[in-house]
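Before any comments, here is the structure.
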Amino acid sequence: MDWVTLKQSEMYYQNMANTNALIFAGGVGNRMNSLAKPKQFLQLYGKEIIIHTLENFQNNPNIDGIVVVCKDNWIDYLKKLLKKYDVDKVKWIVPGGETGQLSIYNGLCKLEKHTEEDSIVLVHDGVRPFVSDKLIDDCIESVKKFGSAITVVPAIETIVSIENGEIQTITDRSKCYHAKAPQCFILGELIAAHRKALQENLTNMIDSASLMKYYGHSLHTVSGNYDNIKITTPTDFYTSRALYEVRENQQIFGL
């Protein structure tokens with residue numbers, strides 16, 4: 001069997017080396033109106049948002065290691081938090097870049113130095129703390145079967161395109177989904193796409209799914225949950241507090 005045929009087979013994907021999470025925590029929180037701290041370091045029920053996020057991957061037995069992309073001047077603070085909460089699966093911390101895409105590339109380069117190119121990488125937002133164990137596992141299984149996993153949820157409101165203040169088209173909502181995270185790939189394939197983008201001076205792709213689709217990769221979807229929110233605004237923050245309380249009550253009362 002030649003390499004191309006092997007790569008396209010389920011056998012190839014089922015025998016990948018290991019699985020790592022790349023957590024992007026390089027934002028500054030402009031939409032949060034937080035002047036003192038980046039949003040990922042704000043506290044949610046007594047614990048920093050980034051720690052809530054990391055603990056989901058720390059506690060999943062299928063995750064071998066974690067690389068965190070962090071604002072350079074907050075790396076020392078993050079290290080103290082990791083020690084405080086005993087998050088020992090974080091093996092590497094790297095500084096972010098000028099854009100989200102470049103920040104993720106920095107994390108991928110670190111993984112490339114320490115893991116095999118056929119390993120799985122789950123790209124996730126540091127301010128998306130409600131990712132579930134099941135979703136992480138489903139994403140890993142999708143990459144093993146198909147080579148990719150993009151978390152999606154159905155659109156629940158009408159999607160329109162606007163030009164000069166007027167609605168031009170209304171899209172059939174039944175065909176529309178919101179792409180969320182994790183977004184998961186084979187490390188070697190994702191970093192190769194990043195390098196192509198750099199060669200072509202494309203440095204501001206909105207997410208990994210957009211980048212991979214741009215370079216012709218097939219993207220397979222995994223069903224996510226609506227409560228897997230990204231905390232980017234004050235409204236998101238107060239919503240996350242309510243979600244956290246609901247989850248706590250479910251555990252206490254066995255709901």
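All residue names refer to the structure tokens as shown: chains lettered A, B, ... in order, residues numbered from 1 in each chain, ligands numbered from 1 in order.
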
Legend entry - Residue contacts of stretch 165-176 of chain A (10 Å, only C-alpha atoms) excluding same-chain residues fewer than 4 positions away, as a list in words: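 Counting only C-alpha atoms, the residues come to Val152, Val153, Pro154, Ala155, Ile156, Glu157, Thr158, Ile159, Val160 and Ser161 of chain A.
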
Legend entry - For A:Val123: contacts at 9 Å, only C-alpha atoms, fewer than 3 positions along chain excluded, given as a list of chain:residue names: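 Near A:Val123, the qualifying residues are A:Asn20, A:Ala21, A:Leu22, A:Ile23, A:Phe24, A:Ile104, A:Ala181, A:Pro182, A:Gln183, A:Cys184, A:Phe185, A:Ser208.
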
Inset, instruction - Enter the distance from atom CA of A:Asn62 to atom CA of A:Lys39, in Å, rounded to one decimal. - result: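 Pair atom CA of A:Asn62 / atom CA of A:Lys39 returns 27.7 Å.
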
Legend entry - Distance query A:Asp72 at most 9 Å, only C-alpha atoms, self and fewer than 4 positions along chain excluded, as a ChimeraX atom specification: /A:26,76,94-96

Include C-alpha atoms and write out the residues we just selected as a short mmCIF file (atom, residue, chain, number, x, y, z; two decimals), in the first residue's frame.
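That gives us part-v9.cif:
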data_model
loop_
_atom_site.label_atom_id
_atom_site.label_comp_id
_atom_site.auth_asym_id
_atom_site.auth_seq_id
_atom_site.Cartn_x
_atom_site.Cartn_y
_atom_site.Cartn_z
CA GLY A 26 -3.69 35.06 23.79
CA ASP A 76 4.59 33.84 34.59
CA VAL A 94 4.42 29.79 24.20
CA PRO A 95 3.83 33.50 23.55
CA GLY A 96 1.11 34.56 21.15
#

Legend entry - A:Ala149 environment, 9 Å, only C-alpha atoms, sequence neighbours closer than 5 positions dropped, as a list in words: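 With the cut-off at 9 Å, the set is Leu122, Asp138, Cys139, Ile140, Glu141, Ser142, Val143, Pro182, Gln183, Cys184, Phe185, Leu219, His220, Thr221 and Val222 of chain A.
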
Using only C-alpha atoms, please write the residues we just selected to a file, as a PDB file, in the first residue's frame.
ATOM      1  CA  LEU A 122      -7.394  19.730  19.398  1.00  0.00           C
ATOM      2  CA  ASP A 138     -16.142  12.549  19.991  1.00  0.00           C
ATOM      3  CA  CYS A 139     -13.662  14.919  18.352  1.00  0.00           C
ATOM      4  CA  ILE A 140     -10.784  12.507  18.854  1.00  0.00           C
ATOM      5  CA  GLU A 141     -12.788   9.638  17.368  1.00  0.00           C
ATOM      6  CA  SER A 142     -13.756  11.773  14.361  1.00  0.00           C
ATOM      7  CA  VAL A 143     -10.107  12.593  13.639  1.00  0.00           C
ATOM      8  CA  PRO A 182     -12.639  22.184  19.619  1.00  0.00           C
ATOM      9  CA  GLN A 183     -11.462  22.076  16.016  1.00  0.00           C
ATOM     10  CA  CYS A 184      -9.257  19.034  15.569  1.00  0.00           C
ATOM     11  CA  PHE A 185      -6.787  17.808  12.956  1.00  0.00           C
ATOM     12  CA  LEU A 219     -13.928  18.927   7.214  1.00  0.00           C
ATOM     13  CA  HIS A 220     -16.028  16.449   9.188  1.00  0.00           C
ATOM     14  CA  THR A 221     -18.387  17.709  11.846  1.00  0.00           C
ATOM     15  CA  VAL A 222     -19.116  16.720  15.426  1.00  0.00           C
TER      16      VAL A 222
END

Inset, instruction - Pull the helix (DSSP H, G or I) assignments for stretch 177-222 of chain A out of DSSP run on the backbone, and list those residues as a PyMOL selection string. - result: chain A and resi 187-199+208-214

Legend entry - Contacts of A:His114 at 10 Å (only C-alpha atoms; same-chain gap of 3+ positions) as a VMD selection string: chain A and resid 91 to 92 109 to 111 117

Inset, instruction - Show which residues sit within 12 Å of A:Ala242, as a list in words. Count only C-alpha atoms, and ignore same-chain residues fewer than 4 positions away. - result: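 Everything that qualifies: Leu44, Tyr45, Phe130, Asp227, Ile229, Thr235, Asp236, Phe237, Tyr238, Val246, Arg247, Glu248 and Asn249 of chain A.
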
Inset, instruction - Identify, on the basis of only C-alpha atoms, every residue whose closest approach to A:Gly126 does not exceed 10 Å; exclude the query and any residue fewer than 6 positions from it along the same chain; express the result as JSON, numbers by chain. - result: {"A": [22, 23, 24, 25, 26, 27, 39, 40, 41, 49, 50, 51, 52, 53, 54, 68, 69, 70, 230, 231]}

Filtering to C-alpha atoms, could you give me those residues as a PDB file, in the first residue's frame?
ATOM      1  CA  LEU A  22      -3.617  23.477  21.894  1.00  0.00           C
ATOM      2  CA  ILE A  23      -5.331  26.079  24.047  1.00  0.00           C
ATOM      3  CA  PHE A  24      -5.368  29.593  22.650  1.00  0.00           C
ATOM      4  CA  ALA A  25      -5.348  32.125  25.493  1.00  0.00           C
ATOM      5  CA  GLY A  26      -3.690  35.063  23.787  1.00  0.00           C
ATOM      6  CA  GLY A  27      -6.598  37.516  23.676  1.00  0.00           C
ATOM      7  CA  LYS A  39     -10.589  37.864  29.898  1.00  0.00           C
ATOM      8  CA  GLN A  40      -9.067  34.391  30.279  1.00  0.00           C
ATOM      9  CA  PHE A  41      -7.762  35.371  33.724  1.00  0.00           C
ATOM     10  CA  ILE A  49     -11.626  30.949  33.297  1.00  0.00           C
ATOM     11  CA  ILE A  50      -8.479  29.535  31.702  1.00  0.00           C
ATOM     12  CA  ILE A  51      -8.132  27.032  34.568  1.00  0.00           C
ATOM     13  CA  HIS A  52     -11.745  25.881  34.157  1.00  0.00           C
ATOM     14  CA  THR A  53     -10.956  25.282  30.488  1.00  0.00           C
ATOM     15  CA  LEU A  54      -7.666  23.506  31.071  1.00  0.00           C
ATOM     16  CA  VAL A  68      -1.024  26.945  25.918  1.00  0.00           C
ATOM     17  CA  VAL A  69      -0.545  30.038  23.795  1.00  0.00           C
ATOM     18  CA  CYS A  70      -0.511  32.996  26.174  1.00  0.00           C
ATOM     19  CA  LYS A 230     -16.990  31.448  24.194  1.00  0.00           C
ATOM     20  CA  ILE A 231     -16.748  34.170  26.835  1.00  0.00           C
TER      21      ILE A 231
END

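Separating atom CA of A:Leu187 from atom CA of A:Lys80 is a distance of 28.5 Å.
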
Legend entry - Separation of atom CA of A:Val127 from atom CA of A:Leu211, in Å and rounded to one decimal: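 Taking atom CA of A:Val127 as the start and atom CA of A:Leu211 as the end point, the length is 21.0 Å.
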
Inset, instruction - Could you find all residues in stretch 152-210 of chain A that DSSP calls strand (DSSP E) from the backbone, and write them as a list in words? - result: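 For stretch 152-210 of chain A, the strand (DSSP E) set is Val152, Val153, Pro154, Ile159, Val160, Ser161, Ile162, Glu163, Glu166, Ile167, Gln168, Thr169, Ile170, Thr171, Tyr177, His178, Ala179, Lys180, Ala181, Pro182, Gln183, Cys184, Phe185 and Ile186 of chain A.
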